[in-house]
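Down below is the structure, laid out as structure tokens.
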Amino acid sequence: MCARAVTFTLLFALALLAPARARAQAEIFEQGNQRYQQADYPGAIVAYETVLSAGFESAALHYNLGNAYFKAGDLGRSILQWERARAISPTDPDVLANLELARSLTADAVEPLPRFWLVSAVSWWIDLLPRGLLIATVAAAWLAAGAGAAARILARRDDVRRVAGWLAITGAAVVVILGTNLFVRELGIGLAERGVILADAVPVRSAPADQDDLTLFEIHEGTRVRIDQRAGAWAEIVLEDGKVGWVPADVMGVI
């Protein structure tokens with residue numbers, strides 16, 4: 001549950017910003033880490049949220065922010081931040097371990113319905129690589145394909161042309177396969193909007209109206225939901241066990 005130090009990914013991303021702004025955000029991130037180590041969890045939350053509000057995010061930042069919220073006793077927001085970290089780095093063992101622990105503390109014991117094998121296969125493919133590694137791999141494959149194609153055209157030796165051809169084909173294949181993965185992830189094509197309940201207890205209604213006689217059941221802080229549609233200030237949600245109903249949209253945070 002401890003906060004992570006500044007990672008290479010964070011430093012690299014900040015280096016792409018203006019130097020003064022990069023230094024400022026790195027310093028604020030480090031201040032958050034120091035405050036966390038000093039058990040000043042509200043101070044750590046302020047620091048991490050400041051970095052987020054500046055337009056920077058990473059799995060490490062969301063992970064640390066989730067840790068700070070957890071230590072501060074805010075289970076809902078800790079799960080929300082860890083879910084956002086998992087969206088960026090789906091296989092991170094620390095994130096997955098924290099989510100497993102946090103869910104064991106939630107009031108709602110929701111048993112997920114079995115997933116159709118094709119849906120599971122698509123989810124596995126989409127979450128195959130962390131976002132940063134996926135971008136780097138696609139970029140490297142693109143360069144390899146271009147270099148291979150150029151060498152194939154310009155080289156005079158047959159053995160060099162043969163190797164260059166294989167390099168171009170392999171690079172192009174990786175670009176097509178993983179590039180499609182990246183395209184789908186970045187645009188969210190076919191991905192349902194999901195959220196985490198942040199209020200202590202929320203009545204779920206059969207219609208988007210604040211009437212007690214429409215109450216179907218109650219859900220609690222930390223429960224993850226799928227958001228199917230919105231109607232004004234209301235959102236229709238689906239739980240992992242298939243239950244459906246309407247809640248005010250402001251009682252949850254979007255992953």
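Chain identifiers are assigned as A, B, and so on, following the order in which chains appear in the structure tokens; residues are numbered from 1 within each chain, and ligands are numbered from 1 in order of appearance.
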
Neighbour list for Trp82 in chain A as a list of chain:residue names, cut-off 9 Å, only C-alpha atoms, skip fewer than 6 positions in-chain: A:Ala59, A:His62, A:Tyr63, A:Asn64, A:Leu65, A:Gly66, A:Asn67, A:Val95, A:Leu96, A:Asn98, A:Leu99

Give me, as a PyMOL selection string, all polymer residues having an atom no more than 7 Å from range 213-230 of chain A, counting only C-alpha atoms and skipping those fewer than 3 positions away in the same chain. chain A and resi 75-76+79+106-108+192-207+234-240

Please, could you write that set of residues out with N, CA and C atoms as a PDB file, in the first residue's frame?
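Done, and the output landed in out-v9.pdb:
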ATOM      1  N   LEU A  75     -12.885   4.901   0.925  1.00  0.00           N
ATOM      2  CA  LEU A  75     -12.806   3.660   0.159  1.00  0.00           C
ATOM      3  C   LEU A  75     -13.256   3.847  -1.284  1.00  0.00           C
ATOM      4  N   GLY A  76     -14.338   4.587  -1.501  1.00  0.00           N
ATOM      5  CA  GLY A  76     -14.864   4.758  -2.850  1.00  0.00           C
ATOM      6  C   GLY A  76     -13.864   5.403  -3.784  1.00  0.00           C
ATOM      7  N   ILE A  79     -10.838   3.147  -4.636  1.00  0.00           N
ATOM      8  CA  ILE A  79     -11.144   2.166  -5.686  1.00  0.00           C
ATOM      9  C   ILE A  79     -11.220   2.846  -7.046  1.00  0.00           C
ATOM     10  N   THR A 106     -15.864  -3.739   0.662  1.00  0.00           N
ATOM     11  CA  THR A 106     -17.110  -3.075   0.267  1.00  0.00           C
ATOM     12  C   THR A 106     -18.310  -3.813   0.849  1.00  0.00           C
ATOM     13  N   ALA A 107     -19.406  -3.077   1.000  1.00  0.00           N
ATOM     14  CA  ALA A 107     -20.604  -3.649   1.622  1.00  0.00           C
ATOM     15  C   ALA A 107     -21.359  -4.571   0.680  1.00  0.00           C
ATOM     16  N   ASP A 108     -21.245  -4.354  -0.630  1.00  0.00           N
ATOM     17  CA  ASP A 108     -22.017  -5.134  -1.597  1.00  0.00           C
ATOM     18  C   ASP A 108     -21.209  -6.322  -2.101  1.00  0.00           C
ATOM     19  N   ALA A 192     -17.704  -0.025 -22.738  1.00  0.00           N
ATOM     20  CA  ALA A 192     -18.776   0.576 -21.953  1.00  0.00           C
ATOM     21  C   ALA A 192     -18.197   1.569 -20.954  1.00  0.00           C
ATOM     22  N   GLU A 193     -18.951   2.629 -20.696  1.00  0.00           N
ATOM     23  CA  GLU A 193     -18.551   3.584 -19.657  1.00  0.00           C
ATOM     24  C   GLU A 193     -18.786   2.934 -18.305  1.00  0.00           C
ATOM     25  N   ARG A 194     -17.800   3.059 -17.420  1.00  0.00           N
ATOM     26  CA  ARG A 194     -17.914   2.434 -16.108  1.00  0.00           C
ATOM     27  C   ARG A 194     -17.661   3.452 -15.013  1.00  0.00           C
ATOM     28  N   GLY A 195     -18.195   3.175 -13.851  1.00  0.00           N
ATOM     29  CA  GLY A 195     -18.035   4.092 -12.740  1.00  0.00           C
ATOM     30  C   GLY A 195     -17.933   3.358 -11.415  1.00  0.00           C
ATOM     31  N   VAL A 196     -17.633   4.119 -10.366  1.00  0.00           N
ATOM     32  CA  VAL A 196     -17.543   3.586  -9.003  1.00  0.00           C
ATOM     33  C   VAL A 196     -18.417   4.451  -8.107  1.00  0.00           C
ATOM     34  N   ILE A 197     -19.249   3.823  -7.301  1.00  0.00           N
ATOM     35  CA  ILE A 197     -20.121   4.543  -6.380  1.00  0.00           C
ATOM     36  C   ILE A 197     -19.268   5.183  -5.282  1.00  0.00           C
ATOM     37  N   LEU A 198     -19.473   6.496  -5.058  1.00  0.00           N
ATOM     38  CA  LEU A 198     -18.695   7.231  -4.069  1.00  0.00           C
ATOM     39  C   LEU A 198     -19.500   7.565  -2.811  1.00  0.00           C
ATOM     40  N   ALA A 199     -20.821   7.550  -2.887  1.00  0.00           N
ATOM     41  CA  ALA A 199     -21.657   7.845  -1.725  1.00  0.00           C
ATOM     42  C   ALA A 199     -21.750   6.624  -0.817  1.00  0.00           C
ATOM     43  N   ASP A 200     -22.039   6.860   0.465  1.00  0.00           N
ATOM     44  CA  ASP A 200     -22.116   5.756   1.427  1.00  0.00           C
ATOM     45  C   ASP A 200     -23.164   4.733   1.040  1.00  0.00           C
ATOM     46  N   ALA A 201     -24.363   5.189   0.711  1.00  0.00           N
ATOM     47  CA  ALA A 201     -25.459   4.305   0.318  1.00  0.00           C
ATOM     48  C   ALA A 201     -26.342   5.033  -0.687  1.00  0.00           C
ATOM     49  N   VAL A 202     -26.743   4.327  -1.732  1.00  0.00           N
ATOM     50  CA  VAL A 202     -27.519   4.943  -2.806  1.00  0.00           C
ATOM     51  C   VAL A 202     -28.699   4.045  -3.155  1.00  0.00           C
ATOM     52  N   PRO A 203     -29.942   4.560  -3.073  1.00  0.00           N
ATOM     53  CA  PRO A 203     -31.096   3.782  -3.542  1.00  0.00           C
ATOM     54  C   PRO A 203     -31.120   3.744  -5.067  1.00  0.00           C
ATOM     55  N   VAL A 204     -31.322   2.574  -5.602  1.00  0.00           N
ATOM     56  CA  VAL A 204     -31.393   2.403  -7.057  1.00  0.00           C
ATOM     57  C   VAL A 204     -32.859   2.347  -7.450  1.00  0.00           C
ATOM     58  N   ARG A 205     -33.271   3.240  -8.351  1.00  0.00           N
ATOM     59  CA  ARG A 205     -34.679   3.375  -8.737  1.00  0.00           C
ATOM     60  C   ARG A 205     -34.972   2.636 -10.049  1.00  0.00           C
ATOM     61  N   SER A 206     -36.243   2.371 -10.257  1.00  0.00           N
ATOM     62  CA  SER A 206     -36.671   1.726 -11.503  1.00  0.00           C
ATOM     63  C   SER A 206     -36.844   2.732 -12.628  1.00  0.00           C
ATOM     64  N   ALA A 207     -36.800   4.018 -12.296  1.00  0.00           N
ATOM     65  CA  ALA A 207     -36.929   5.096 -13.287  1.00  0.00           C
ATOM     66  C   ALA A 207     -36.113   6.288 -12.787  1.00  0.00           C
ATOM     67  N   TRP A 234     -29.513  11.905 -14.157  1.00  0.00           N
ATOM     68  CA  TRP A 234     -29.588  10.501 -13.772  1.00  0.00           C
ATOM     69  C   TRP A 234     -28.795   9.622 -14.736  1.00  0.00           C
ATOM     70  N   ALA A 235     -28.397   8.446 -14.228  1.00  0.00           N
ATOM     71  CA  ALA A 235     -27.673   7.481 -15.055  1.00  0.00           C
ATOM     72  C   ALA A 235     -28.242   6.090 -14.806  1.00  0.00           C
ATOM     73  N   GLU A 236     -28.447   5.364 -15.881  1.00  0.00           N
ATOM     74  CA  GLU A 236     -28.879   3.971 -15.744  1.00  0.00           C
ATOM     75  C   GLU A 236     -27.634   3.102 -15.603  1.00  0.00           C
ATOM     76  N   ILE A 237     -27.598   2.321 -14.528  1.00  0.00           N
ATOM     77  CA  ILE A 237     -26.413   1.507 -14.253  1.00  0.00           C
ATOM     78  C   ILE A 237     -26.760   0.022 -14.310  1.00  0.00           C
ATOM     79  N   VAL A 238     -25.725  -0.776 -14.560  1.00  0.00           N
ATOM     80  CA  VAL A 238     -25.858  -2.231 -14.542  1.00  0.00           C
ATOM     81  C   VAL A 238     -24.767  -2.780 -13.641  1.00  0.00           C
ATOM     82  N   LEU A 239     -25.134  -3.573 -12.643  1.00  0.00           N
ATOM     83  CA  LEU A 239     -24.160  -4.201 -11.776  1.00  0.00           C
ATOM     84  C   LEU A 239     -23.591  -5.446 -12.447  1.00  0.00           C
ATOM     85  N   GLU A 240     -22.487  -5.937 -11.919  1.00  0.00           N
ATOM     86  CA  GLU A 240     -21.845  -7.110 -12.526  1.00  0.00           C
ATOM     87  C   GLU A 240     -22.693  -8.366 -12.404  1.00  0.00           C
TER      88      GLU A 240
END

DSSP on the backbone: which residues in range 75-225 of chain A end up as strand (DSSP E)? Give the answer as a PyMOL selection string. chain A and resi 193-197+201-205+215-220+224-225

Could you dump the residues just selected with C-alpha atoms as a JSON list (two decimals), in the first residue's frame?
[["chain", "number", "residue", "atom", "x", "y", "z"],
["A", 193, "GLU", "CA", -18.55, 3.58, -19.66],
["A", 194, "ARG", "CA", -17.91, 2.43, -16.11],
["A", 195, "GLY", "CA", -18.03, 4.09, -12.74],
["A", 196, "VAL", "CA", -17.54, 3.59, -9.00],
["A", 197, "ILE", "CA", -20.12, 4.54, -6.38],
["A", 201, "ALA", "CA", -25.46, 4.31, 0.32],
["A", 202, "VAL", "CA", -27.52, 4.94, -2.81],
["A", 203, "PRO", "CA", -31.10, 3.78, -3.54],
["A", 204, "VAL", "CA", -31.39, 2.40, -7.06],
["A", 205, "ARG", "CA", -34.68, 3.38, -8.74],
["A", 215, "THR", "CA", -36.62, 1.94, -5.14],
["A", 216, "LEU", "CA", -35.46, -1.49, -6.30],
["A", 217, "PHE", "CA", -32.44, -2.05, -4.06],
["A", 218, "GLU", "CA", -29.54, -0.18, -2.48],
["A", 219, "ILE", "CA", -25.86, -0.09, -3.38],
["A", 220, "HIS", "CA", -22.92, 1.21, -1.39],
["A", 224, "ARG", "CA", -18.27, -0.81, -9.59],
["A", 225, "VAL", "CA", -21.03, -0.33, -12.17]]

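Counting from CA of Ser53 in chain A, the distance to CA of Arg84 in chain A is 14.9 Å.
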
From the list A:Pro248, A:Gln31, A:Leu133, A:Leu182, which residue is nearest Asp210 in chain A when using only C-alpha atoms?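 So, comparing all the options, the nearest one is A:Pro248.
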
Extract, using only C-alpha atoms, all DNA, RNA and protein residues at most 12 Å from Phe183 in chain A, discarding same-chain residues fewer than 6 positions from it, and format them as a ChimeraX atom specification. /A:126,131,134-135,138,175-177,189-190

Apply DSSP to the structure's backbone, then extract all residues of range 95-185 of chain A labelled alpha helix (DSSP H) and return them as JSON, numbers by chain. {"A": [95, 96, 97, 98, 99, 100, 101, 102, 103, 117, 118, 119, 120, 121, 122, 123, 124, 125, 126, 131, 132, 133, 134, 135, 136, 137, 138, 139, 140, 141, 142, 143, 144, 145, 146, 147, 148, 149, 150, 151, 152, 153, 154, 158, 159, 160, 161, 162, 163, 164, 165, 166, 167, 168, 169, 170, 171, 172, 173, 174, 175, 176, 177, 178, 179, 180, 181, 182, 183, 184, 185]}

With distances taken over only C-alpha atoms, which of A:Pro130, A:Leu143, A:Ala168, A:Ala209 is nearest to Asn181 in chain A?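 Counting only C-alpha atoms, the residue closest to Asn181 in chain A is A:Pro130.
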
Between CA of Pro42 in chain A and CA of Ile28 in chain A, what distance in Å does the model show, to one decimal?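 Between CA of Pro42 in chain A and CA of Ile28 in chain A the gap is 14.0 Å.
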
re CA of Gly242 in chain A and CA of Glu111 in chain A: distance 9.2 Å

Which residues are near Glu57 in chain A? Cut-off 12 Å, only C-alpha atoms, ignore same chain within fewer than 3 positions. Put them as JSON, numbers by chain. {"A": [9, 10, 11, 13, 14, 25, 26, 29, 48, 49, 50, 51, 52, 53, 54, 60, 61, 62, 63, 64, 65, 81, 84, 85, 87, 88, 89, 131, 132]}

Compile the contact shell of Ala44 in chain A as a VMD selection string: residues with an atom at most 6 Å away, counting only C-alpha atoms, same-chain residues fewer than 6 positions apart removed. chain A and resid 32 35 to 36
